[in-house]
file input18.cif (mmCIF, C-alpha atoms)
data_final
#
loop_
_atom_site.label_atom_id
_atom_site.label_comp_id
_atom_site.auth_asym_id
_atom_site.auth_seq_id
_atom_site.Cartn_x
_atom_site.Cartn_y
_atom_site.Cartn_z
CA MET A 94 15.01 5.50 34.14
CA ARG A 95 12.09 7.48 35.50
CA ASN A 96 12.79 10.25 33.02
CA PHE A 97 12.97 7.72 30.22
CA LEU A 98 9.59 6.24 31.12
CA GLN A 99 8.21 9.74 31.47
CA PHE A 100 9.53 10.55 27.99
CA ILE A 101 7.83 7.49 26.51
CA TRP A 102 4.59 8.34 28.30
CA ASN A 103 4.65 11.95 27.10
CA ASN A 104 5.34 11.01 23.50
CA GLN A 105 3.25 7.87 23.30
CA PHE A 106 1.26 9.13 20.33
CA THR A 107 4.30 9.86 18.15
CA LEU A 108 6.10 6.71 19.26
CA LEU A 109 3.07 4.54 18.52
CA PHE A 110 2.84 6.22 15.11
CA ILE A 111 6.49 5.47 14.37
CA LEU A 112 6.14 1.87 15.58
CA LEU A 113 3.08 1.22 13.39
CA GLU A 114 4.74 2.82 10.35
CA ILE A 115 7.81 0.62 10.88
CA VAL A 116 5.53 -2.42 10.89
CA GLY A 117 3.89 -1.09 7.70
CA PHE A 118 7.24 -0.62 5.93
CA ALA A 119 8.37 -4.03 7.14
CA LEU A 120 5.27 -5.51 5.51
CA LEU A 121 5.94 -3.56 2.34
CA THR A 122 9.58 -4.56 1.97
CA THR A 123 9.22 -8.14 3.16
CA ASN A 124 6.51 -8.57 0.62
CA ASN A 125 8.87 -7.41 -2.13
CA HIS A 126 11.95 -9.41 -1.25
CA PHE A 127 11.16 -12.75 0.28
CA HIS A 128 9.37 -14.88 -2.22
CA ASN A 129 8.20 -17.44 0.28
CA SER A 130 6.71 -15.10 2.84
CA LYS A 131 3.77 -16.90 4.35
CA ILE A 132 1.60 -13.86 4.83
CA GLN A 133 1.81 -13.13 1.12
CA SER A 134 0.58 -16.53 0.06
CA ALA A 135 -2.12 -16.37 2.72
CA SER A 136 -3.14 -13.04 1.23
CA ALA A 137 -3.06 -14.56 -2.25
CA SER A 138 -5.36 -17.40 -1.31
CA LEU A 139 -7.67 -15.11 0.68
CA SER A 140 -8.11 -12.52 -2.04
CA GLY A 141 -8.14 -15.36 -4.55
CA SER A 142 -11.06 -17.18 -3.00
CA PHE A 143 -13.01 -13.94 -2.59
CA ALA A 144 -12.36 -12.93 -6.17
CA ASP A 145 -13.42 -16.41 -7.22
CA THR A 146 -16.89 -16.04 -5.73
CA ARG A 147 -17.24 -12.57 -7.18
CA ASN A 148 -16.17 -13.81 -10.59
CA SER A 149 -18.61 -16.67 -10.65
CA TYR A 150 -21.35 -14.04 -10.70
CA ALA A 151 -19.69 -11.49 -12.94
CA GLN A 152 -18.14 -13.99 -15.32
CA TYR A 153 -20.46 -14.17 -18.23
CA ILE A 154 -20.97 -10.51 -18.92
CA GLY A 155 -17.98 -10.62 -21.24
CA LEU A 156 -18.69 -14.11 -22.49
CA LYS A 157 -19.48 -13.22 -26.06
CA GLU A 158 -16.33 -11.25 -26.64
CA GLU A 159 -14.24 -13.89 -24.87
CA ASN A 160 -15.72 -16.52 -27.20
CA GLU A 161 -14.81 -14.52 -30.26
CA LYS A 162 -11.24 -14.28 -29.08
CA LEU A 163 -11.05 -18.00 -28.39
CA LEU A 164 -12.49 -18.78 -31.81
CA ASP A 165 -9.91 -16.54 -33.38
CA GLU A 166 -7.16 -18.24 -31.46
CA ASN A 167 -8.42 -21.67 -32.38
CA ARG A 168 -8.27 -20.65 -35.99
CA ARG A 169 -4.68 -19.53 -35.70
CA LEU A 170 -3.71 -22.69 -33.85
CA ARG A 171 -5.23 -24.82 -36.53
CA GLU A 172 -3.27 -22.96 -39.13
CA ARG A 173 -0.09 -23.60 -37.25
CA LEU A 174 -0.96 -27.24 -36.79
CA GLU A 175 -1.38 -27.55 -40.50
CA GLN A 176 1.97 -25.95 -41.11
CA ARG A 177 3.52 -28.33 -38.62
CA VAL A 178 2.11 -31.34 -40.39
CA ARG A 179 3.13 -29.97 -43.75
CA TYR A 180 6.73 -29.26 -42.86
CA ARG A 181 7.17 -32.16 -40.44
CA LEU A 182 8.61 -30.10 -37.65
CA ASP A 183 10.03 -31.67 -34.53
CA PRO A 184 7.04 -32.98 -32.53
CA ASN A 185 8.94 -32.96 -29.22
CA ILE A 186 8.32 -29.36 -28.28
CA PRO A 187 9.41 -28.75 -24.69
CA PHE A 188 6.54 -26.40 -23.78
CA GLU A 189 3.49 -27.59 -21.90
CA TYR A 190 0.38 -25.40 -21.72
CA THR A 191 -2.12 -25.15 -18.85
CA THR A 192 -5.27 -23.05 -19.15
CA ALA A 193 -6.16 -20.65 -16.33
CA HIS A 194 -8.42 -17.71 -15.60
CA ALA A 195 -7.41 -14.32 -14.29
CA ILE A 196 -9.82 -14.01 -11.39
CA SER A 197 -8.47 -10.71 -10.14
CA SER A 198 -6.20 -8.17 -11.77
CA THR A 199 -5.20 -4.52 -11.78
CA PHE A 200 -3.85 -2.21 -14.47
CA HIS A 201 -3.99 1.22 -12.83
CA LEU A 202 -1.27 0.78 -10.21
CA GLY A 203 2.45 1.40 -10.55
CA ASN A 204 2.99 -2.26 -9.73
CA ASN A 205 0.12 -4.31 -11.06
CA TYR A 206 -0.64 -7.93 -10.36
CA ILE A 207 -2.90 -10.69 -11.62
CA VAL A 208 -4.29 -13.61 -9.62
CA LEU A 209 -4.88 -16.90 -11.46
CA ASP A 210 -7.08 -19.76 -10.34
CA ARG A 211 -4.33 -22.38 -10.73
CA GLY A 212 -1.77 -23.20 -8.07
CA SER A 213 0.84 -25.70 -6.96
CA SER A 214 -1.74 -28.50 -7.02
CA ASP A 215 -2.04 -27.96 -10.78
CA GLY A 216 1.72 -28.11 -11.20
CA ILE A 217 2.23 -24.35 -11.37
CA GLU A 218 5.60 -23.07 -10.18
CA PRO A 219 7.11 -19.60 -9.97
CA GLN A 220 8.98 -18.47 -13.09
CA GLN A 221 6.56 -19.97 -15.59
CA ALA A 222 5.34 -17.87 -18.49
CA VAL A 223 1.76 -16.58 -18.72
CA LEU A 224 0.22 -15.87 -22.14
CA SER A 225 -3.14 -14.52 -23.25
CA PRO A 226 -4.82 -15.25 -26.58
CA GLN A 227 -3.44 -11.91 -27.83
CA GLY A 228 0.13 -12.06 -26.57
CA ILE A 229 2.30 -12.28 -23.50
CA VAL A 230 1.02 -11.43 -20.03
CA GLY A 231 3.83 -11.99 -17.55
CA VAL A 232 5.62 -14.45 -15.31
CA VAL A 233 4.23 -16.48 -12.38
CA TYR A 234 5.51 -14.89 -9.20
CA LYS A 235 4.07 -16.65 -6.17
CA VAL A 236 2.07 -19.83 -5.83
CA SER A 237 -0.31 -21.07 -3.17
CA GLU A 238 -2.11 -24.37 -3.29
CA LYS A 239 -4.97 -23.30 -5.55
CA TYR A 240 -3.97 -19.83 -6.71
CA SER A 241 -0.97 -18.06 -8.11
CA THR A 242 0.02 -14.45 -8.63
CA VAL A 243 1.55 -13.11 -11.82
CA LEU A 244 4.12 -10.37 -12.28
CA PRO A 245 2.68 -8.88 -15.48
CA VAL A 246 4.50 -6.88 -18.15
CA ILE A 247 2.90 -3.79 -16.58
CA HIS A 248 4.89 -4.07 -13.35
CA SER A 249 7.93 -1.89 -12.70
CA GLN A 250 10.07 -4.97 -11.91
CA SER A 251 9.20 -6.77 -15.14
CA ARG A 252 12.09 -7.37 -17.58
CA ILE A 253 11.49 -9.51 -20.65
CA SER A 254 13.90 -10.30 -23.42
CA CYS A 255 12.29 -9.45 -26.78
CA LYS A 256 13.32 -9.07 -30.39
CA LEU A 257 12.19 -7.29 -33.53
CA THR A 258 10.80 -9.78 -36.04
CA ARG A 259 12.04 -7.64 -38.95
CA ASN A 260 15.73 -8.13 -38.21
CA ASN A 261 16.08 -10.21 -35.02
CA TYR A 262 17.75 -7.45 -33.03
CA PHE A 263 16.92 -8.03 -29.37
CA GLY A 264 16.56 -5.90 -26.24
CA LEU A 265 14.92 -5.76 -22.84
CA LEU A 266 11.25 -4.83 -22.48
CA HIS A 267 10.28 -2.89 -19.39
CA TRP A 268 7.39 -0.71 -18.22
CA ASP A 269 7.64 2.85 -16.92
CA GLY A 270 4.56 2.72 -14.70
CA THR A 271 2.26 5.16 -16.49
CA ASP A 272 0.21 3.75 -19.37
CA ASP A 273 -0.90 0.13 -19.32
CA HIS A 274 -1.07 0.03 -23.13
CA TYR A 275 2.58 0.86 -23.75
CA ALA A 276 5.96 -0.53 -22.70
CA THR A 277 9.52 0.30 -23.77
CA LEU A 278 12.05 -1.87 -25.56
CA GLU A 279 15.60 -0.81 -24.67
CA ASN A 280 19.06 -1.52 -26.10
CA ILE A 281 18.26 -1.47 -29.82
CA PRO A 282 21.26 0.10 -31.64
CA ASN A 283 20.60 3.51 -33.17
CA HIS A 284 21.41 2.49 -36.74
CA ILE A 285 18.64 -0.13 -36.80
CA GLY A 286 15.59 1.19 -38.60
CA VAL A 287 12.46 0.69 -36.53
CA PHE A 288 9.18 1.43 -38.28
CA ASP A 289 5.75 1.94 -36.80
CA GLY A 290 3.84 -1.32 -36.76
CA ASP A 291 6.93 -3.54 -36.63
CA SER A 292 5.99 -6.55 -34.55
CA ILE A 293 7.96 -7.41 -31.45
CA VAL A 294 8.06 -10.99 -30.18
CA THR A 295 9.66 -12.85 -27.30
CA ARG A 296 13.19 -14.03 -27.80
CA GLY A 297 12.87 -17.11 -25.62
CA GLY A 298 16.33 -16.39 -24.26
CA SER A 299 15.54 -16.68 -20.58
CA GLY A 300 13.95 -20.08 -20.98
CA ILE A 301 10.72 -18.79 -19.46
CA PHE A 302 8.81 -17.69 -22.55
CA PRO A 303 8.55 -19.76 -25.68
CA PRO A 304 10.21 -17.91 -28.57
CA ASN A 305 8.21 -15.89 -31.14
CA ILE A 306 5.18 -15.09 -28.99
CA LEU A 307 3.68 -11.73 -29.91
CA VAL A 308 4.46 -8.91 -27.46
CA GLY A 309 3.29 -5.84 -29.31
CA PHE A 310 3.92 -3.38 -32.12
CA ALA A 311 6.43 -0.55 -32.40
CA GLU A 312 5.04 2.97 -32.26
CA GLY A 313 7.93 5.36 -32.64
CA SER A 314 11.33 5.26 -30.99
CA GLU A 315 13.67 7.66 -29.21
CA LYS A 316 17.32 7.68 -30.19
CA ASP A 317 19.86 8.45 -27.51
CA GLU A 318 22.98 9.80 -29.27
CA ALA A 319 25.10 9.53 -26.11
CA SER A 320 24.66 5.81 -25.56
CA GLY A 321 24.14 4.84 -29.19
CA PHE A 322 20.97 2.96 -28.33
CA GLN A 323 17.36 3.77 -29.02
CA SER A 324 14.34 2.88 -26.93
CA VAL A 325 11.32 1.71 -28.87
CA ASN A 326 7.80 2.55 -27.72
CA VAL A 327 5.81 -0.68 -27.85
CA ARG A 328 2.03 -0.88 -28.02
CA LEU A 329 1.26 -4.06 -26.07
CA ALA A 330 -0.81 -6.70 -27.86
CA THR A 331 -2.47 -7.84 -24.63
CA ASP A 332 -5.24 -5.66 -23.25
CA PHE A 333 -4.66 -5.85 -19.50
CA ARG A 334 -8.01 -4.20 -18.86
CA LYS A 335 -10.02 -7.21 -19.93
CA ILE A 336 -7.76 -10.14 -19.35
CA TYR A 337 -9.51 -13.38 -18.45
CA ASN A 338 -8.50 -16.54 -20.30
CA VAL A 339 -4.77 -17.20 -20.08
CA TYR A 340 -2.28 -20.02 -20.57
CA ILE A 341 0.50 -20.93 -18.20
CA VAL A 342 3.50 -22.33 -20.04
CA GLU A 343 6.02 -24.67 -18.51
CA ASN A 344 9.34 -25.12 -20.24
CA LYS A 345 10.35 -28.66 -19.47
CA VAL A 346 13.97 -28.19 -20.51
CA ARG A 347 14.57 -24.91 -18.69
CA GLN A 348 16.66 -26.55 -15.97
CA GLU A 349 18.86 -28.09 -18.61
CA VAL A 350 19.41 -24.77 -20.41
CA ASP A 351 20.00 -22.97 -17.10
CA SER A 352 22.67 -25.40 -15.95
CA LEU A 353 24.34 -25.20 -19.35
CA ILE A 354 24.47 -21.39 -19.14
CA GLN A 355 25.89 -21.63 -15.64
CA THR A 356 28.81 -23.71 -16.82
CA ILE A 357 29.69 -20.88 -19.22
CA GLU A 358 29.54 -18.27 -16.49
CA GLU A 359 31.79 -20.33 -14.24
CA MET R 481 -24.56 -2.06 23.23
CA ASN R 482 -23.91 1.58 22.71
CA ARG R 483 -25.74 2.76 19.60
CA GLU R 484 -22.93 4.98 18.42
CA LEU R 485 -20.32 2.23 18.80
CA LEU R 486 -22.52 -0.12 16.81
CA SER R 487 -22.89 2.38 13.98
CA HIS R 488 -19.08 2.77 13.81
CA ILE R 489 -18.62 -0.99 13.62
CA ILE R 490 -21.25 -1.33 10.88
CA ARG R 491 -19.65 1.53 8.97
CA PHE R 492 -16.25 -0.17 9.21
CA VAL R 493 -17.54 -3.45 7.79
CA LEU R 494 -19.62 -1.83 5.04
CA LEU R 495 -16.79 0.43 3.89
CA VAL R 496 -14.34 -2.49 3.68
CA ILE R 497 -16.87 -4.49 1.65
CA VAL R 498 -17.65 -1.60 -0.71
CA GLN R 499 -13.96 -0.83 -1.16
CA VAL R 500 -12.83 -4.39 -1.78
CA PHE R 501 -15.67 -5.70 -3.90
CA LEU R 502 -16.80 -2.61 -5.72
CA LEU R 503 -14.35 0.26 -5.84
CA ASN R 504 -11.18 -1.83 -6.28
CA ASN R 505 -12.77 -2.94 -9.54
CA VAL R 506 -13.77 0.51 -10.74
CA GLN R 507 -11.09 2.18 -12.75
CA LEU R 508 -12.09 5.18 -14.76
CA ASN R 509 -9.56 5.80 -17.45
CA GLY R 510 -6.94 3.76 -15.58
CA MET R 511 -6.13 6.77 -13.44
CA ILE R 512 -9.00 7.19 -11.06
CA ASN R 513 -9.73 4.75 -8.29
CA PRO R 514 -11.44 6.20 -5.20
CA TYR R 515 -10.40 4.95 -1.76
CA ILE R 516 -13.54 5.49 0.26
CA TYR R 517 -12.60 3.24 3.19
CA ILE R 518 -10.78 6.19 4.70
CA TYR R 519 -14.21 7.73 5.48
CA PHE R 520 -14.31 5.50 8.59
CA LEU R 521 -11.28 7.23 10.11
CA LEU R 522 -12.47 10.63 8.93
CA VAL R 523 -15.70 10.64 10.92
CA LEU R 524 -14.45 9.10 14.16
CA PRO R 525 -15.65 11.21 17.12
CA VAL R 526 -13.64 14.39 17.67
CA ASP R 527 -12.61 13.33 21.18
CA PHE R 528 -11.65 9.80 20.15
CA SER R 529 -8.29 8.73 21.61
CA PRO R 530 -5.48 9.51 19.13
CA ASN R 531 -3.72 6.26 20.05
CA GLY R 532 -6.91 4.35 19.38
CA GLY R 533 -7.16 6.14 16.04
CA LEU R 534 -3.67 5.00 15.08
CA ILE R 535 -4.47 1.39 15.94
CA LEU R 536 -7.78 1.48 14.08
CA GLY R 537 -5.96 3.03 11.10
CA PHE R 538 -3.45 0.21 11.19
CA ILE R 539 -6.14 -2.49 11.34
CA LEU R 540 -8.21 -0.88 8.59
CA GLY R 541 -5.23 -0.39 6.27
CA PHE R 542 -4.02 -3.92 6.93
CA ILE R 543 -7.40 -5.44 6.07
CA ILE R 544 -7.63 -3.45 2.84
CA ASP R 545 -4.06 -4.52 2.02
CA LEU R 546 -4.88 -8.18 2.58
CA PHE R 547 -7.72 -8.04 0.11
CA SER R 548 -5.97 -6.01 -2.56
CA GLN R 549 -2.54 -7.68 -2.57
CA THR R 550 -0.69 -4.51 -1.69
CA LEU R 551 0.75 -5.50 1.68
CA GLY R 552 1.99 -2.43 3.55
CA MET R 553 0.80 0.33 1.21
CA HIS R 554 -2.64 1.06 2.64
CA THR R 555 -1.36 0.31 6.15
CA ILE R 556 1.28 3.03 5.91
CA ALA R 557 -1.13 5.52 4.33
CA SER R 558 -3.95 5.05 6.84
CA VAL R 559 -1.66 5.09 9.88
CA PHE R 560 -0.30 8.35 8.49
CA PHE R 561 -3.85 9.59 8.07
CA ALA R 562 -4.68 8.74 11.70
CA PHE R 563 -1.49 10.49 12.83
CA GLY R 564 -2.29 13.70 10.97
CA ARG R 565 -5.97 13.82 11.95
CA PRO R 566 -5.67 15.16 15.56
CA TYR R 567 -3.28 17.91 14.39
CA VAL R 568 -5.57 19.02 11.56
CA LEU R 569 -8.55 18.88 13.94
CA ARG R 570 -6.73 21.06 16.48
CA TYR R 571 -5.62 23.48 13.76
CA MET R 572 -9.14 23.79 12.36
CA ALA R 573 -10.94 23.99 15.71
CA PRO R 574 -13.86 26.46 15.72
CA ARG R 575 -13.54 29.46 18.01
CA ASP R 576 -15.60 27.90 20.76
CA GLY R 577 -14.00 24.47 20.41
CA TYR R 578 -15.76 21.23 19.58
CA GLU R 579 -17.87 21.31 22.72
CA PHE R 580 -21.28 21.05 21.12
CA THR R 581 -20.29 19.01 18.11
CA ARG R 582 -18.74 15.65 18.79
CA THR R 583 -19.43 14.13 15.42
CA ILE R 584 -17.97 15.26 12.13
CA SER R 585 -20.61 15.82 9.48
CA ILE R 586 -21.76 18.43 7.02
CA ARG R 587 -24.85 19.15 9.10
CA GLN R 588 -22.89 19.69 12.30
CA MET R 589 -19.88 21.56 10.95
CA GLY R 590 -21.15 23.25 7.80
CA TRP R 591 -20.16 22.71 4.17
CA LEU R 592 -17.05 24.87 4.11
CA TRP R 593 -15.48 23.38 7.21
CA PHE R 594 -16.33 19.83 6.25
CA LEU R 595 -15.04 20.12 2.67
CA THR R 596 -11.80 21.78 3.78
CA PHE R 597 -11.20 19.19 6.47
CA SER R 598 -12.04 16.15 4.34
CA GLY R 599 -10.27 17.52 1.27
CA LEU R 600 -7.07 18.10 3.22
CA MET R 601 -7.17 14.73 4.97
CA VAL R 602 -8.08 12.77 1.83
CA PHE R 603 -5.31 14.39 -0.19
CA LEU R 604 -2.84 13.64 2.61
CA HIS R 605 -3.83 9.97 2.56
CA HIS R 606 -3.88 9.64 -1.24
CA PHE R 607 -0.54 11.39 -1.65
CA VAL R 608 1.18 9.08 0.85
CA LEU R 609 -0.49 6.09 -0.79
CA PHE R 610 0.53 6.92 -4.36
CA PHE R 611 3.98 8.01 -3.29
CA ILE R 612 4.58 4.70 -1.52
CA GLU R 613 3.19 2.94 -4.57
CA SER R 614 5.58 4.58 -7.03
CA PHE R 615 8.41 4.67 -4.48
CA ARG R 616 10.55 7.16 -6.35
CA MET R 617 10.99 10.86 -6.97
CA SER R 618 11.09 10.81 -10.77
CA GLY R 619 7.35 10.81 -11.40
CA PHE R 620 6.71 13.29 -8.61
CA PHE R 621 4.27 15.56 -10.44
CA PHE R 622 2.52 12.59 -11.97
CA THR R 623 1.99 11.29 -8.43
CA VAL R 624 0.71 14.66 -7.23
CA GLY R 625 -1.69 14.88 -10.18
CA LYS R 626 -2.92 11.35 -9.56
CA SER R 627 -3.45 12.16 -5.87
CA ILE R 628 -5.44 15.30 -6.67
CA SER R 629 -7.70 13.68 -9.27
CA ASN R 630 -8.36 10.72 -6.99
CA SER R 631 -8.96 12.98 -4.00
CA PHE R 632 -11.77 14.74 -5.86
CA MET R 633 -13.34 11.41 -6.67
CA THR R 634 -13.13 10.17 -3.07
CA LEU R 635 -14.36 13.51 -1.76
CA ALA R 636 -17.39 13.36 -4.04
CA LEU R 637 -18.23 9.92 -2.69
CA ILE R 638 -17.79 11.14 0.88
CA VAL R 639 -20.27 13.95 0.27
CA VAL R 640 -22.73 11.47 -1.26
CA ILE R 641 -22.43 9.22 1.80
CA GLN R 642 -22.89 12.22 4.08
CA LEU R 643 -26.03 13.35 2.32
CA LEU R 644 -27.52 9.86 2.16
CA PHE R 645 -26.72 8.46 5.57
CA THR R 646 -26.49 11.20 8.17
CA ARG R 647 -29.66 12.12 9.98
CA PRO R 648 -30.56 15.76 10.40
CA PRO R 649 -30.00 17.14 13.95
CA LYS R 650 -32.58 15.98 16.48
CA SER R 651 -34.26 19.36 16.80
CA SER R 652 -35.82 19.07 13.37
CA TYR R 653 -37.85 16.06 14.53
CA GLU R 654 -39.49 18.01 17.28
#

call {"tool": "encode", "arguments": {"input": "input18.cif", "output": "structure tokens"}}
result
Amino acid sequence: MRNFLQFIWNNQFTLLFILLEIVGFALLTTNNHFHNSKIQSASASLSGSFADTRNSYAQYIGLKEENEKLLDENRRLRERLEQRVRYRLDPNIPFEYTTAHAISSTFHLGNNYIVLDRGSSDGIEPQQAVLSPQGIVGVVYKVSEKYSTVLPVIHSQSRISCKLTRNNYFGLLHWDGTDDHYATLENIPNHIGVFDGDSIVTRGGSGIFPPNILVGFAEGSEKDEASGFQSVNVRLATDFRKIYNVYIVENKVRQEVDSLIQTIEE
Amino acid sequence: MNRELLSHIIRFVLLVIVQVFLLNNVQLNGMINPYIYIYFLLVLPVDFSPNGGLILGFILGFIIDLFSQTLGMHTIASVFFAFGRPYVLRYMAPRDGYEFTRTISIRQMGWLWFLTFSGLMVFLHHFVLFFIESFRMSGFFFTVGKSISNSFMTLALIVVIQLLFTRPPKSSYE
């Protein structure tokens, strides 16, 4: 026992180092696996409220450009509204939009995140889609009372079901962690011709994203002869470096679709 | 209160503020993001308790993590930094020891020594940080490159801080 205590005393520096690193790794892994970890949502609301104050000062530097984008979007929405009236489409669309602002975001990390100024008190829940005026942004990940964090397309864990508008072939979009302007669309069969500039949209298969929302444009593809599938290089429509105005989309029939799919799997 | 202690506390607070509010929002080319907060640990007194250094490293990393939504990453990297520091200090000790120079600064230790020491320590910290961030071996050289480019950026800022905020040795006043 004496020797043991002596050993601890003699190596206190190394042992303290190991102990603190274990705590650090525990923080790191807990943060990635348990969605409800309290410390994470505390961190979200802390960094959220700080970013909020900072933003209220920095906000209107990009106001002009932001306005242009909103005008452009308004124009497109009006066009679609007109089409809807003209063709008498089903008015009961199941998607409900909430506006939000990205008050803090990163694009230079391997795993990026975005903090939005809407939370559970605004009806935001995890697994809701986030869109920008240009295209898709990501999926709501964690929610505190007033803020929420987003797992954007430019996060190594992000997987989004997308399709090519040209021929409706679909695959999974993921990000390799290097360039925030490009992502990769996997599982497109080799014999499908993919041309530069082909637009890629959401498939709406997971019930999170509405279908046919712009994701990006093809820029070359790599064919893998062994697997018979090619991976398409996608230039993302959303510029994650100046993201500010976003929409959070709730699919009101997702539960219904999910339970239906489950009955198939059983 | 001890003047030196006070200056360390002020430095701690200022560096956290600058890191969180300014530098976390500066991204040159998407690749370069200096992590200057580590300067606090770098210039702790030479004879500062290594255990104390570890604990300060933990607290500092944890605070930075809280504000930048990266729980664990900066904690691991700065604890590692605090662990390596006494060894590097011992390895780089001048021939007559640190007897006359308790503080680490360009003016006390000279340009060459200071740049070697800070460069080594900053790279160590950045490499651990980016490696933990990517958490895989596949992009190894990308991670190394990112660490090197960021280290230069941080190092440049450290030199600027040194030149702006350290007073010349007392003798020059007399």

call {"tool": "resolve_selection", "arguments": {"input": "input18.cif", "expression": "the PyMOL selection byres ((chain R) within 9 of (chain A))", "output": "count of residues only"}}
result
36

call {"tool": "residues_near_point", "arguments": {"input": "input18.cif", "point": "(-19.0, 1.7, 9.9)", "cutoff": "12 Å", "atoms": "only C-alpha atoms", "output": "number ranges by chain"}}
result
R: 483-498, 516-524, 536, 540, 641, 645

call {"tool": "closest_residue", "arguments": {"input": "input18.cif", "among": "A:Ile301, A:Val308, A:Ala276, A:Leu353", "to": "Val325 of chain A", "atoms": "all atoms listed in the file"}}
result
A:Ala276

call {"tool": "axis_aligned_box", "arguments": {"input": "input18.cif", "around": "segment 155-166 of chain A", "padding_each_side": "6 Å", "output": "lines of an AutoDock Vina configuration file"}}
result
center_x = -13.3
center_y = -14.7
center_z = -27.3
size_x = 24.3
size_y = 20.2
size_z = 24.1

call {"tool": "resolve_selection", "arguments": {"input": "input18.cif", "expression": "the PyMOL selection byres ((chain R and resi 604) around 12)", "output": "PyMOL selection string"}}
result
chain R and resi 518+522+556-565+568+597-603+605-611+624+627-628+630-631

call {"tool": "decode", "arguments": {"input": "input18.cif", "residues": "segment 524-555 of chain R", "atoms": "C-alpha atoms", "output": "mmCIF file, in the first residue's frame"}}
result
data_model
loop_
_atom_site.group_PDB
_atom_site.id
_atom_site.type_symbol
_atom_site.label_atom_id
_atom_site.label_comp_id
_atom_site.auth_asym_id
_atom_site.auth_seq_id
_atom_site.Cartn_x
_atom_site.Cartn_y
_atom_site.Cartn_z
ATOM 1 C CA LEU R 524 3.505 30.930 -17.649
ATOM 2 C CA PRO R 525 6.552 31.357 -15.370
ATOM 3 C CA VAL R 526 9.302 28.810 -15.966
ATOM 4 C CA ASP R 527 9.092 27.495 -12.400
ATOM 5 C CA PHE R 528 5.295 27.268 -12.401
ATOM 6 C CA SER R 529 4.052 23.956 -10.965
ATOM 7 C CA PRO R 530 3.545 21.413 -13.794
ATOM 8 C CA ASN R 531 0.400 20.094 -12.086
ATOM 9 C CA GLY R 532 -0.966 23.614 -11.887
ATOM 10 C CA GLY R 533 -0.161 24.025 -15.576
ATOM 11 C CA LEU R 534 -2.182 20.921 -16.435
ATOM 12 C CA ILE R 535 -5.178 22.165 -14.468
ATOM 13 C CA LEU R 536 -4.974 25.647 -15.998
ATOM 14 C CA GLY R 537 -4.701 24.012 -19.442
ATOM 15 C CA PHE R 538 -7.820 22.006 -18.710
ATOM 16 C CA ILE R 539 -9.788 25.046 -17.542
ATOM 17 C CA LEU R 540 -8.651 27.184 -20.469
ATOM 18 C CA GLY R 541 -9.417 24.509 -23.066
ATOM 19 C CA PHE R 542 -12.777 23.805 -21.480
ATOM 20 C CA ILE R 543 -13.800 27.468 -21.566
ATOM 21 C CA ILE R 544 -12.781 27.806 -25.211
ATOM 22 C CA ASP R 545 -14.717 24.601 -25.966
ATOM 23 C CA LEU R 546 -17.835 25.919 -24.269
ATOM 24 C CA PHE R 547 -17.852 29.008 -26.426
ATOM 25 C CA SER R 548 -17.021 27.331 -29.713
ATOM 26 C CA GLN R 549 -19.262 24.246 -29.503
ATOM 27 C CA THR R 550 -16.395 21.810 -29.766
ATOM 28 C CA LEU R 551 -16.660 20.106 -26.384
ATOM 29 C CA GLY R 552 -13.492 18.148 -25.631
ATOM 30 C CA MET R 553 -11.318 19.182 -28.591
ATOM 31 C CA HIS R 554 -9.568 22.236 -27.159
ATOM 32 C CA THR R 555 -9.541 20.629 -23.702
#
